[in-house]
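Have a look at query07.cif; it's mmCIF, C-alpha atoms (C1' of nucleotides):
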```cif
data_data
#
loop_
_atom_site.label_atom_id
_atom_site.label_comp_id
_atom_site.auth_asym_id
_atom_site.auth_seq_id
_atom_site.Cartn_x
_atom_site.Cartn_y
_atom_site.Cartn_z
CA MET A 26 -42.41 -37.54 9.60
CA LYS A 27 -42.85 -33.91 10.52
CA HIS A 28 -41.23 -31.03 8.71
CA MET A 29 -38.80 -32.80 6.46
CA HIS A 30 -37.76 -29.71 4.65
CA LYS A 31 -34.38 -30.97 3.63
CA GLN A 32 -33.98 -29.97 0.09
CA GLU A 33 -32.81 -32.44 -2.48
CA ASN A 34 -32.23 -30.15 -5.37
CA LEU A 35 -30.44 -26.91 -5.72
CA SER A 36 -32.38 -23.71 -6.04
CA LYS A 37 -32.17 -21.55 -9.12
CA ASN A 38 -29.41 -19.26 -7.93
CA GLN A 39 -27.47 -22.07 -6.32
CA GLN A 40 -27.54 -23.98 -9.60
CA ILE A 41 -26.47 -20.98 -11.65
CA VAL A 42 -23.51 -20.34 -9.37
CA LEU A 43 -22.52 -23.99 -9.20
CA ASP A 44 -22.74 -24.39 -12.97
CA TYR A 45 -20.41 -21.50 -13.45
CA ILE A 46 -17.88 -22.66 -10.85
CA GLU A 47 -17.85 -26.13 -12.36
CA LYS A 48 -17.41 -24.70 -15.82
CA VAL A 49 -14.38 -22.56 -15.04
CA ASN A 50 -12.79 -25.45 -13.21
CA GLU A 51 -10.39 -23.34 -11.19
CA PRO A 52 -10.63 -21.20 -8.08
CA ILE A 53 -12.71 -18.14 -8.68
CA LYS A 54 -13.66 -15.17 -6.60
CA ALA A 55 -17.12 -14.15 -5.56
CA TYR A 56 -17.23 -10.91 -7.51
CA SER A 57 -15.86 -12.61 -10.57
CA ILE A 58 -18.70 -15.08 -10.32
CA LEU A 59 -21.10 -12.18 -9.96
CA HIS A 60 -19.85 -10.50 -13.14
CA ASN A 61 -20.17 -13.74 -15.03
CA VAL A 62 -23.67 -14.71 -13.97
CA GLN A 63 -25.31 -11.33 -14.37
CA LYS A 64 -26.67 -12.39 -17.72
CA LYS A 65 -28.45 -15.18 -15.84
CA GLY A 66 -30.27 -12.64 -13.71
CA ILE A 67 -28.15 -12.52 -10.59
CA LYS A 68 -27.63 -8.89 -9.79
CA ALA A 69 -26.25 -8.48 -6.29
CA PRO A 70 -23.25 -9.76 -4.30
CA LEU A 71 -25.54 -11.13 -1.64
CA GLN A 72 -27.22 -13.45 -4.09
CA VAL A 73 -23.84 -14.92 -4.94
CA TYR A 74 -22.65 -15.15 -1.34
CA ARG A 75 -25.84 -16.87 -0.26
CA ALA A 76 -25.49 -19.46 -2.97
CA LEU A 77 -21.82 -19.92 -2.10
CA ASP A 78 -22.61 -20.45 1.57
CA LYS A 79 -25.08 -23.16 0.73
CA LEU A 80 -22.82 -24.86 -1.80
CA VAL A 81 -19.95 -24.91 0.68
CA GLU A 82 -22.26 -26.28 3.36
CA ILE A 83 -23.36 -29.21 1.22
CA GLY A 84 -19.87 -29.87 -0.06
CA LYS A 85 -20.39 -29.02 -3.72
CA ILE A 86 -17.67 -26.41 -3.56
CA HIS A 87 -14.85 -25.51 -1.22
CA LYS A 88 -13.43 -22.20 -0.15
CA ILE A 89 -9.71 -21.69 -0.53
CA GLU A 90 -9.30 -19.61 2.60
CA SER A 91 -5.90 -18.15 1.85
CA ARG A 92 -7.16 -16.88 -1.50
CA ASN A 93 -10.77 -15.98 -0.78
CA ALA A 94 -11.71 -18.09 -3.73
CA PHE A 95 -14.08 -20.94 -4.41
CA VAL A 96 -13.57 -24.12 -6.33
CA ALA A 97 -15.78 -27.04 -7.31
CA CYS A 98 -15.27 -30.22 -5.37
CA LYS A 99 -13.55 -32.86 -7.46
CA ASN A 100 -13.87 -35.55 -4.93
CA SER A 101 -17.17 -37.23 -5.79
CA SER A 102 -17.31 -38.85 -2.36
CA CYS A 103 -17.15 -35.46 -0.70
CA GLN A 104 -20.63 -34.86 0.64
CA LEU A 105 -19.71 -32.32 3.23
CA SER A 106 -16.85 -29.86 3.34
CA LYS A 107 -15.39 -31.29 6.49
CA ALA A 108 -12.04 -32.59 5.42
CA THR A 109 -10.32 -30.56 2.75
CA ALA A 110 -6.75 -30.34 1.53
CA PHE A 111 -5.31 -28.32 -1.30
CA SER A 112 -2.01 -27.66 -2.98
CA ILE A 113 -1.47 -24.12 -4.12
CA CYS A 114 1.24 -22.90 -6.46
CA GLU A 115 2.54 -19.58 -5.22
CA SER A 116 3.66 -18.63 -8.69
CA CYS A 117 0.80 -19.44 -11.07
CA GLU A 118 -1.85 -19.78 -8.33
CA GLU A 119 -2.94 -23.16 -9.64
CA VAL A 120 -4.88 -24.98 -6.97
CA SER A 121 -5.68 -28.64 -6.80
CA GLU A 122 -7.61 -30.62 -4.30
CA ILE A 123 -5.63 -33.36 -2.64
CA SER A 124 -7.42 -36.62 -2.12
CA ASP A 125 -5.13 -38.88 -0.24
CA ASN A 126 -6.70 -41.53 1.94
CA LYS A 127 -3.80 -41.85 4.28
CA LEU A 128 -3.63 -38.12 4.83
CA SER A 129 -7.33 -37.73 5.49
CA LYS A 130 -7.40 -40.73 7.77
CA TYR A 131 -4.47 -39.33 9.71
CA LEU A 132 -6.03 -35.90 10.08
CA LYS A 133 -9.54 -37.12 10.86
CA SER A 134 -8.19 -39.13 13.75
CA PHE A 135 -5.80 -36.45 14.97
CA GLN A 136 -6.26 -35.79 18.65
CA ASP A 137 -5.58 -32.39 20.10
CA LYS A 138 -3.65 -32.35 23.34
CA ALA A 139 -6.29 -30.07 24.84
CA GLY A 140 -8.88 -32.76 24.21
CA MET A 141 -10.76 -30.77 21.66
CA LYS A 142 -13.09 -32.75 19.44
CA PHE A 143 -12.69 -31.82 15.81
CA LYS A 144 -15.49 -31.86 13.31
CA LYS A 145 -13.67 -30.39 10.36
CA TYR A 146 -10.31 -29.38 9.03
CA ASN A 147 -8.81 -27.47 6.15
CA LEU A 148 -5.24 -27.89 5.01
CA GLU A 149 -3.46 -25.75 2.44
CA PHE A 150 -0.01 -26.58 1.10
CA PHE A 151 2.02 -23.94 -0.69
CA GLY A 152 4.90 -24.32 -3.09
CA LEU A 153 5.73 -24.39 -6.76
CA CYS A 154 3.96 -26.63 -9.20
CA LYS A 155 5.94 -28.66 -11.70
CA LYS A 156 5.66 -26.11 -14.50
CA CYS A 157 6.69 -23.18 -12.33
CA SER A 158 9.62 -24.94 -10.71
CA ILE A 159 11.20 -25.51 -14.12
CA LYS A 160 11.08 -21.83 -15.06
CA MET B 186 30.10 -9.80 1.67
CA LYS B 187 28.12 -7.34 -0.37
CA HIS B 188 24.84 -5.82 0.65
CA MET B 189 23.92 -7.75 3.76
CA HIS B 190 20.83 -5.77 4.47
CA LYS B 191 19.09 -8.39 6.51
CA GLN B 192 17.60 -6.65 9.45
CA GLU B 193 18.01 -8.01 12.94
CA ASN B 194 15.63 -5.83 14.82
CA LEU B 195 12.08 -4.81 14.29
CA SER B 196 11.26 -1.34 13.11
CA LYS B 197 9.18 1.04 15.17
CA ASN B 198 5.80 0.20 13.68
CA GLN B 199 6.55 -3.49 13.56
CA GLN B 200 7.41 -3.45 17.25
CA ILE B 201 4.30 -1.50 18.20
CA VAL B 202 2.06 -3.93 16.35
CA LEU B 203 3.85 -6.99 17.69
CA ASP B 204 3.73 -5.69 21.26
CA TYR B 205 0.01 -5.25 21.00
CA ILE B 206 -0.63 -8.67 19.45
CA GLU B 207 1.46 -10.33 22.12
CA LYS B 208 -0.36 -8.44 24.83
CA VAL B 209 -3.86 -9.44 23.81
CA ASN B 210 -2.77 -13.03 23.42
CA GLU B 211 -5.62 -14.06 21.18
CA PRO B 212 -6.44 -13.69 17.50
CA ILE B 213 -7.10 -10.12 16.59
CA LYS B 214 -8.13 -8.36 13.43
CA ALA B 215 -6.17 -5.75 11.57
CA TYR B 216 -8.59 -2.89 12.13
CA SER B 217 -8.89 -3.75 15.79
CA ILE B 218 -5.12 -3.51 16.03
CA LEU B 219 -5.31 -0.17 14.25
CA HIS B 220 -7.83 1.24 16.76
CA ASN B 221 -5.67 0.09 19.62
CA VAL B 222 -2.33 1.44 18.45
CA GLN B 223 -3.50 4.84 17.31
CA LYS B 224 -2.31 6.33 20.57
CA LYS B 225 1.14 5.08 19.60
CA GLY B 226 1.04 7.14 16.42
CA ILE B 227 -0.08 4.60 13.86
CA LYS B 228 -2.80 6.26 11.86
CA ALA B 229 -3.55 4.29 8.72
CA PRO B 230 -4.53 0.73 7.83
CA LEU B 231 -1.52 0.40 5.57
CA GLN B 232 0.86 1.00 8.41
CA VAL B 233 -0.74 -1.91 10.24
CA TYR B 234 -0.88 -4.19 7.22
CA ARG B 235 2.74 -3.54 6.37
CA ALA B 236 3.84 -4.42 9.86
CA LEU B 237 1.63 -7.52 9.81
CA ASP B 238 3.13 -8.68 6.51
CA LYS B 239 6.61 -8.43 7.89
CA LEU B 240 5.77 -10.09 11.20
CA VAL B 241 4.11 -12.98 9.40
CA GLU B 242 7.10 -13.27 7.08
CA ILE B 243 9.55 -13.61 9.94
CA GLY B 244 7.28 -15.91 11.91
CA LYS B 245 6.54 -13.67 14.88
CA ILE B 246 2.84 -13.90 14.20
CA HIS B 247 0.56 -16.10 12.15
CA LYS B 248 -2.55 -15.36 10.16
CA ILE B 249 -5.63 -17.42 10.90
CA GLU B 250 -6.84 -17.52 7.32
CA SER B 251 -10.39 -18.63 8.00
CA ARG B 252 -10.87 -15.74 10.40
CA ASN B 253 -8.78 -12.98 8.85
CA ALA B 254 -7.11 -12.59 12.19
CA PHE B 255 -3.59 -12.53 13.51
CA VAL B 256 -2.07 -14.20 16.52
CA ALA B 257 1.35 -14.19 18.15
CA CYS B 258 3.42 -17.29 17.62
CA LYS B 259 3.65 -19.36 20.78
CA ASN B 260 6.09 -21.79 19.40
CA SER B 261 9.47 -20.33 20.29
CA SER B 262 11.19 -22.52 17.73
CA CYS B 263 9.02 -21.09 14.98
CA GLN B 264 11.34 -18.86 13.01
CA LEU B 265 9.36 -18.81 9.85
CA SER B 266 5.64 -19.21 9.27
CA LYS B 267 6.05 -22.25 7.13
CA ALA B 268 4.37 -24.98 9.11
CA THR B 269 1.35 -23.85 11.07
CA ALA B 270 -1.56 -25.67 12.65
CA PHE B 271 -4.40 -24.33 14.71
CA SER B 272 -7.47 -25.53 16.52
CA ILE B 273 -10.44 -23.23 16.34
CA CYS B 274 -13.56 -23.41 18.46
CA GLU B 275 -16.57 -22.64 16.29
CA SER B 276 -18.55 -21.51 19.29
CA CYS B 277 -16.29 -19.22 21.32
CA GLU B 278 -13.74 -18.65 18.54
CA GLU B 279 -10.87 -19.58 20.83
CA VAL B 280 -7.83 -20.41 18.75
CA SER B 281 -4.74 -22.26 19.83
CA GLU B 282 -1.64 -23.11 17.98
CA ILE B 283 -0.95 -26.82 17.76
CA SER B 284 2.62 -27.87 18.21
CA ASP B 285 2.81 -31.56 17.66
CA ASN B 286 6.06 -32.96 16.40
CA LYS B 287 4.56 -36.02 14.81
CA LEU B 288 1.99 -33.95 12.96
CA SER B 289 4.49 -31.42 11.66
CA LYS B 290 6.90 -34.14 10.64
CA TYR B 291 4.16 -35.95 8.81
CA LEU B 292 3.01 -32.85 6.97
CA LYS B 293 6.46 -31.54 6.16
CA SER B 294 7.29 -34.79 4.46
CA PHE B 295 3.96 -35.16 2.73
CA GLN B 296 4.40 -35.79 -0.96
CA ASP B 297 1.83 -34.63 -3.43
CA LYS B 298 0.93 -37.10 -6.14
CA ALA B 299 1.52 -34.42 -8.76
CA GLY B 300 5.10 -34.13 -7.57
CA MET B 301 4.72 -30.65 -6.25
CA LYS B 302 7.39 -29.52 -3.84
CA PHE B 303 5.88 -27.85 -0.80
CA LYS B 304 7.54 -25.05 1.08
CA LYS B 305 4.78 -24.28 3.50
CA TYR B 306 1.48 -25.43 4.88
CA ASN B 307 -1.33 -24.16 7.03
CA LEU B 308 -3.79 -26.44 8.78
CA GLU B 309 -6.90 -25.33 10.61
CA PHE B 310 -9.02 -27.70 12.68
CA PHE B 311 -12.55 -26.74 13.66
CA GLY B 312 -14.72 -28.05 16.45
CA LEU B 313 -15.82 -27.30 19.96
CA CYS B 314 -13.39 -26.61 22.75
CA LYS B 315 -13.81 -28.33 26.10
CA LYS B 316 -15.77 -25.51 27.68
CA CYS B 317 -18.16 -25.13 24.77
CA SER B 318 -18.84 -28.84 24.38
CA ILE B 319 -20.09 -29.01 27.97
CA LYS B 320 -22.64 -26.25 27.47
"C1'" DG C 259 32.70 11.74 5.61
"C1'" DT C 260 29.96 10.57 0.54
"C1'" DG C 261 27.23 7.72 -2.30
"C1'" DT C 262 24.25 3.84 -2.89
"C1'" DT C 263 20.66 0.67 -1.97
"C1'" DA C 264 16.94 -1.13 0.37
"C1'" DA C 265 13.74 -0.84 4.07
"C1'" DT C 266 10.52 1.79 6.28
"C1'" DT C 267 7.34 5.46 6.89
"C1'" DG C 268 3.52 8.72 5.95
"C1'" DT C 269 -0.51 9.90 3.41
"C1'" DT C 270 -4.68 9.90 0.54
"C1'" DA C 271 -7.59 7.40 -2.04
"C1'" DT C 272 -9.74 3.33 -3.53
"C1'" DA C 273 -10.32 -1.67 -4.43
"C1'" DA C 274 -11.96 -6.05 -2.95
"C1'" DT C 275 -14.51 -8.94 0.11
"C1'" DA C 276 -18.57 -9.68 2.81
"C1'" DT C 277 -22.82 -8.80 5.67
"C1'" DA C 278 -27.12 -6.24 7.74
"C1'" DA C 279 -31.78 -5.37 7.38
"C1'" DC C 280 -36.14 -5.89 5.57
"C1'" DA C 281 -39.77 -7.01 2.32
"C1'" DT C 282 -41.35 -10.58 -0.77
"C1'" DT C 283 -41.98 -14.99 -3.05
"C1'" DG C 284 -41.68 -20.01 -3.50
"C1'" DT C 285 -42.08 -24.87 -1.83
"C1'" DG C 286 -43.31 -28.93 0.75
"C1'" DT C 287 -46.59 -30.80 3.62
"C1'" DA C 288 -49.98 -31.35 7.34
"C1'" DT D 169 -56.34 -24.16 3.08
"C1'" DA D 170 -52.54 -22.68 6.54
"C1'" DC D 171 -48.10 -23.26 8.29
"C1'" DA D 172 -43.07 -23.33 8.46
"C1'" DC D 173 -39.10 -22.61 6.32
"C1'" DA D 174 -36.11 -21.79 2.34
"C1'" DA D 175 -34.93 -18.83 -1.06
"C1'" DT D 176 -35.13 -14.40 -3.42
"C1'" DG D 177 -34.72 -9.40 -4.38
"C1'" DT D 178 -33.04 -4.99 -3.06
"C1'" DT D 179 -30.55 -1.12 -0.99
"C1'" DA D 180 -27.18 0.18 1.88
"C1'" DT D 181 -23.16 -0.49 4.49
"C1'" DA D 182 -19.42 -2.90 6.97
"C1'" DT D 183 -15.04 -5.10 6.76
"C1'" DT D 184 -10.68 -6.32 4.83
"C1'" DA D 185 -6.89 -5.02 2.03
"C1'" DT D 186 -4.04 -2.64 -1.58
"C1'" DA D 187 -2.43 1.15 -5.11
"C1'" DA D 188 0.30 4.98 -5.85
"C1'" DC D 189 3.58 8.26 -4.67
"C1'" DA D 190 6.58 11.13 -1.81
"C1'" DA D 191 9.65 11.39 2.03
"C1'" DT D 192 12.66 9.49 5.51
"C1'" DT D 193 15.74 6.30 7.73
"C1'" DA D 194 19.25 2.48 8.23
"C1'" DA D 195 23.08 -0.31 6.71
"C1'" DC D 196 26.90 -0.70 4.26
"C1'" DA D 197 30.74 0.19 0.59
"C1'" DC D 198 34.12 3.28 -0.62
#
```

Encoded form (structure tokens):
Amino acid sequence: MKHMHKQENLSKNQQIVLDYIEKVNEPIKAYSILHNVQKKGIKAPLQVYRALDKLVEIGKIHKIESRNAFVACKNSSCQLSKATAFSICESCEEVSEISDNKLSKYLKSFQDKAGMKFKKYNLEFFGLCKKCSIK
Amino acid sequence: MKHMHKQENLSKNQQIVLDYIEKVNEPIKAYSILHNVQKKGIKAPLQVYRALDKLVEIGKIHKIESRNAFVACKNSSCQLSKATAFSICESCEEVSEISDNKLSKYLKSFQDKAGMKFKKYNLEFFGLCKKCSIK
DNA sequence: GTGTTAATTGTTATAATATAACATTGTGTA
DNA sequence: TACACAATGTTATATTATAACAATTAACAC
């Protein structure tokens, strides 16, 4: 087999960034990551963004587009970030990943009227979480 | 009835920005809007962003979150930006608004397992449009 | 009309998010 | 070894968005 350069393991910076995102366990912004991994030797935004790009690509993390934030994937079966759904509380900004088989099945098989073939989707629900709706 | 300050018509800047977005008829970025409405007297980013905020709020335009771009609402019934779905071509970046009754019904009634009450959602599908999948 | 409130505008400065460009180093494998 | 590619390090800059504050305008109550 020629040129099988597909990497199995994460690189140093990728691992540092992933470790931190998994530790905080909530959506976090790129520059906040940067500030928190500087002691590990990561000095520049680009180092963080490159790691983020890779981690998103391989499905270890997801980007919450409406918040420009990144969160670790909870869904162990999620190998690629190609079918993501989140609920977002507009009050406390709590975000959780939705893993609902029926929903993902429905969306994966959704057919556009224009005949477009979809490879990926991202769905974000907004509202008030239980705690915030009591207040 | 006291203090019914709900405005019926758009303000000057809001109308200028909306007119331009409707004219171009495709997703457009805030600073591109700014460059193109400067002849109309809008000078600063904030003037654009304020108009955009309002137009999104009242459902005249939508934000394509994954692209940081804004597009006029095609769906005449769309009074509020609370249920939006788009298809996005990853090659040519063509975006179209999906209006599919079954889909919106399904998503509006979707119930989170955590019991969160949703007020809004945004769904973005990614893939290749017809033209680009031929190439 | 006056007074009141909220929406909108204008303006300058700055914050927050993200990428370009280029040189260098590391890693797997033929 | 040599090759191809992935990852890193670094500086600078581009892009997206908001803070803060003063002034003006619009809608309505009285």

Dump as a tab-separated table the rows for residues of chain A within 7 Å of chain B: closest atom pair and distance in Å with one decimal, all atoms listed in the file counted, ordered by chain and rising residue number.
```
residue	atom	partner	partner_atom	distance
A:Glu90	CA	B:Ser251	CA	5.6
A:Ser91	CA	B:Glu250	CA	5.6
A:Gly140	CA	B:Lys315	CA	6.9
A:Met141	CA	B:Cys314	CA	5.0
A:Lys142	CA	B:Gly312	CA	5.8
A:Phe143	CA	B:Gly312	CA	4.3
A:Lys144	CA	B:Gly312	CA	5.0
A:Lys145	CA	B:Phe311	CA	5.0
A:Tyr146	CA	B:Phe310	CA	4.2
A:Asn147	CA	B:Glu309	CA	5.3
A:Leu148	CA	B:Leu308	CA	4.3
A:Glu149	CA	B:Asn307	CA	5.3
A:Phe150	CA	B:Tyr306	CA	4.2
A:Phe151	CA	B:Lys305	CA	5.0
A:Gly152	CA	B:Phe303	CA	4.3
A:Leu153	CA	B:Lys302	CA	6.1
A:Cys154	CA	B:Met301	CA	5.0
A:Lys155	CA	B:Met301	CA	5.9
```

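Excluding segment 187-193 of chain D itself and same-chain residues fewer than 2 positions from it, the residues having an atom within 10 Å of it are DA265, DT266, DT267, DG268, DT269, DT270, DA271, DT272 and DA273 of chain C; DA195 of chain D, counting all atoms listed in the file.
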
Output check: residues returned by the PyMOL selection byres ((chain C) within 9 of (chain A)), as an mmCIF file with C-alpha atoms (C1' of nucleotides), in the coordinates of the input:
```cif
data_model
loop_
_atom_site.group_PDB
_atom_site.id
_atom_site.type_symbol
_atom_site.label_atom_id
_atom_site.label_comp_id
_atom_site.auth_asym_id
_atom_site.auth_seq_id
_atom_site.Cartn_x
_atom_site.Cartn_y
_atom_site.Cartn_z
ATOM 1 C "C1'" DA C 274 -11.960 -6.050 -2.950
ATOM 2 C "C1'" DT C 275 -14.510 -8.940 0.110
ATOM 3 C "C1'" DA C 276 -18.570 -9.680 2.810
ATOM 4 C "C1'" DT C 277 -22.820 -8.800 5.670
ATOM 5 C "C1'" DG C 286 -43.310 -28.930 0.750
ATOM 6 C "C1'" DT C 287 -46.590 -30.800 3.620
ATOM 7 C "C1'" DA C 288 -49.980 -31.350 7.340
#
```

Discussion item. Could you tell me which residues of chain D sit within 10 Å of chain A when counting all atoms listed in the file, and give me the result as a list in words?
Written reply: DA172, DC173, DA174, DA175, DT176, DG177 and DT178 of chain D

Superposed chain A (on chain B, all in-order C-alpha pairs) as a short mmCIF file (atom, residue, chain, number, x, y, z; two decimals) with C-alpha atoms, in the frame of the given file:
```cif
data_model
loop_
_atom_site.label_atom_id
_atom_site.label_comp_id
_atom_site.auth_asym_id
_atom_site.auth_seq_id
_atom_site.Cartn_x
_atom_site.Cartn_y
_atom_site.Cartn_z
CA MET A 26 30.17 -9.18 2.28
CA LYS A 27 28.16 -6.91 0.03
CA HIS A 28 24.78 -5.50 0.88
CA MET A 29 23.89 -7.43 3.98
CA HIS A 30 20.78 -5.50 4.67
CA LYS A 31 19.05 -8.21 6.60
CA GLN A 32 17.56 -6.52 9.54
CA GLU A 33 18.01 -7.93 12.98
CA ASN A 34 15.61 -5.79 14.88
CA LEU A 35 12.08 -4.81 14.29
CA SER A 36 11.25 -1.35 13.10
CA LYS A 37 9.18 1.03 15.17
CA ASN A 38 5.82 0.18 13.67
CA GLN A 39 6.57 -3.52 13.53
CA GLN A 40 7.43 -3.47 17.23
CA ILE A 41 4.32 -1.52 18.17
CA VAL A 42 2.09 -3.96 16.31
CA LEU A 43 3.88 -7.02 17.66
CA ASP A 44 3.75 -5.72 21.22
CA TYR A 45 0.04 -5.28 20.97
CA ILE A 46 -0.61 -8.69 19.41
CA GLU A 47 1.50 -10.36 22.07
CA LYS A 48 -0.30 -8.46 24.79
CA VAL A 49 -3.82 -9.44 23.76
CA ASN A 50 -2.73 -13.03 23.40
CA GLU A 51 -5.59 -14.06 21.15
CA PRO A 52 -6.41 -13.70 17.48
CA ILE A 53 -7.07 -10.12 16.57
CA LYS A 54 -8.10 -8.36 13.43
CA ALA A 55 -6.14 -5.76 11.55
CA TYR A 56 -8.55 -2.90 12.13
CA SER A 57 -8.84 -3.77 15.78
CA ILE A 58 -5.08 -3.51 16.01
CA LEU A 59 -5.27 -0.18 14.23
CA HIS A 60 -7.78 1.23 16.73
CA ASN A 61 -5.63 0.08 19.60
CA VAL A 62 -2.30 1.44 18.43
CA GLN A 63 -3.47 4.85 17.30
CA LYS A 64 -2.27 6.34 20.55
CA LYS A 65 1.19 5.07 19.57
CA GLY A 66 1.09 7.12 16.39
CA ILE A 67 -0.05 4.61 13.83
CA LYS A 68 -2.77 6.27 11.84
CA ALA A 69 -3.52 4.29 8.70
CA PRO A 70 -4.52 0.71 7.82
CA LEU A 71 -1.55 0.40 5.52
CA GLN A 72 0.87 0.97 8.36
CA VAL A 73 -0.69 -1.93 10.21
CA TYR A 74 -0.86 -4.22 7.18
CA ARG A 75 2.77 -3.56 6.32
CA ALA A 76 3.87 -4.44 9.81
CA LEU A 77 1.67 -7.54 9.76
CA ASP A 78 3.14 -8.70 6.47
CA LYS A 79 6.63 -8.45 7.85
CA LEU A 80 5.78 -10.12 11.15
CA VAL A 81 4.12 -13.01 9.34
CA GLU A 82 7.11 -13.32 7.03
CA ILE A 83 9.57 -13.64 9.89
CA GLY A 84 7.31 -15.94 11.86
CA LYS A 85 6.57 -13.69 14.82
CA ILE A 86 2.86 -13.93 14.14
CA HIS A 87 0.57 -16.13 12.11
CA LYS A 88 -2.54 -15.38 10.14
CA ILE A 89 -5.62 -17.43 10.88
CA GLU A 90 -6.86 -17.55 7.31
CA SER A 91 -10.41 -18.64 8.00
CA ARG A 92 -10.86 -15.74 10.40
CA ASN A 93 -8.76 -12.99 8.84
CA ALA A 94 -7.09 -12.60 12.18
CA PHE A 95 -3.55 -12.56 13.47
CA VAL A 96 -2.05 -14.22 16.48
CA ALA A 97 1.38 -14.22 18.11
CA CYS A 98 3.45 -17.30 17.58
CA LYS A 99 3.69 -19.37 20.74
CA ASN A 100 6.12 -21.81 19.36
CA SER A 101 9.51 -20.32 20.24
CA SER A 102 11.22 -22.54 17.67
CA CYS A 103 9.05 -21.10 14.93
CA GLN A 104 11.35 -18.87 12.93
CA LEU A 105 9.35 -18.83 9.77
CA SER A 106 5.64 -19.24 9.21
CA LYS A 107 6.02 -22.31 7.08
CA ALA A 108 4.34 -25.01 9.07
CA THR A 109 1.32 -23.88 11.04
CA ALA A 110 -1.58 -25.70 12.64
CA PHE A 111 -4.40 -24.34 14.72
CA SER A 112 -7.47 -25.53 16.54
CA ILE A 113 -10.43 -23.22 16.36
CA CYS A 114 -13.56 -23.40 18.49
CA GLU A 115 -16.56 -22.63 16.33
CA SER A 116 -18.53 -21.49 19.34
CA CYS A 117 -16.27 -19.19 21.37
CA GLU A 118 -13.73 -18.63 18.57
CA GLU A 119 -10.84 -19.56 20.84
CA VAL A 120 -7.82 -20.40 18.76
CA SER A 121 -4.73 -22.25 19.82
CA GLU A 122 -1.63 -23.14 17.95
CA ILE A 123 -0.95 -26.83 17.75
CA SER A 124 2.62 -27.89 18.19
CA ASP A 125 2.79 -31.58 17.66
CA ASN A 126 6.04 -33.01 16.39
CA LYS A 127 4.51 -36.04 14.82
CA LEU A 128 1.94 -33.99 12.97
CA SER A 129 4.44 -31.49 11.64
CA LYS A 130 6.86 -34.19 10.64
CA TYR A 131 4.09 -36.01 8.81
CA LEU A 132 2.95 -32.91 6.96
CA LYS A 133 6.41 -31.60 6.14
CA SER A 134 7.24 -34.86 4.45
CA PHE A 135 3.88 -35.23 2.72
CA GLN A 136 4.31 -35.86 -0.97
CA ASP A 137 1.73 -34.70 -3.44
CA LYS A 138 0.79 -37.18 -6.12
CA ALA A 139 1.37 -34.50 -8.75
CA GLY A 140 4.96 -34.23 -7.59
CA MET A 141 4.59 -30.75 -6.28
CA LYS A 142 7.28 -29.61 -3.89
CA PHE A 143 5.82 -27.94 -0.84
CA LYS A 144 7.49 -25.14 1.03
CA LYS A 145 4.75 -24.34 3.48
CA TYR A 146 1.45 -25.47 4.85
CA ASN A 147 -1.35 -24.20 7.03
CA LEU A 148 -3.81 -26.46 8.79
CA GLU A 149 -6.92 -25.35 10.64
CA PHE A 150 -9.04 -27.71 12.71
CA PHE A 151 -12.56 -26.74 13.70
CA GLY A 152 -14.73 -28.03 16.50
CA LEU A 153 -15.82 -27.28 20.02
CA CYS A 154 -13.39 -26.60 22.80
CA LYS A 155 -13.81 -28.30 26.15
CA LYS A 156 -15.75 -25.45 27.73
CA CYS A 157 -18.16 -25.09 24.83
CA SER A 158 -18.84 -28.79 24.45
CA ILE A 159 -20.09 -28.95 28.04
CA LYS A 160 -22.64 -26.18 27.53
#
```

Worksheet entry | Residues in the PyMOL selection byres ((chain B and resi 204-206) around 9), expressed as a list of chain:residue names |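 Checking the PyMOL selection byres ((chain B and resi 204-206) around 9) against this file, the residues are B:Gln199, B:Gln200, B:Ile201, B:Val202, B:Leu203, B:Glu207, B:Lys208, B:Val209, B:Asn210, B:Glu211, B:Pro212, B:Ile213, B:Ile218, B:Asn221, B:Val222, B:Ile246, B:Phe255, B:Val256, B:Ala257.
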
Fill in: Atom-to-atom span, atom CA of Ser266 of chain B and atom CA of His87 of chain A, Å
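Result for atom CA of Ser266 of chain B versus atom CA of His87 of chain A: 23.9 Å, one decimal.
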
Practice prompt. Could you tell me how far atom CA of Leu35 of chain A lies from atom CA of Leu80 of chain A, in Å and to one decimal?
Written response: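 Going from atom CA of Leu35 of chain A over to atom CA of Leu80 of chain A covers 8.8 Å.
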
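Straight-line separation from atom CA of Asn260 of chain B to atom CA of Glu282 of chain B: 8.0 Å.
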
If the box runs along x, y and z of the file and leaves 8 Å on each side of segment 72-76 of chain A, what are its centre and edge lengths in Å, one decimal, as JSON?
```
{"center_x": -24.9, "center_y": -16.5, "center_z": -2.6, "size_x": 20.6, "size_y": 22.0, "size_z": 20.7}
```
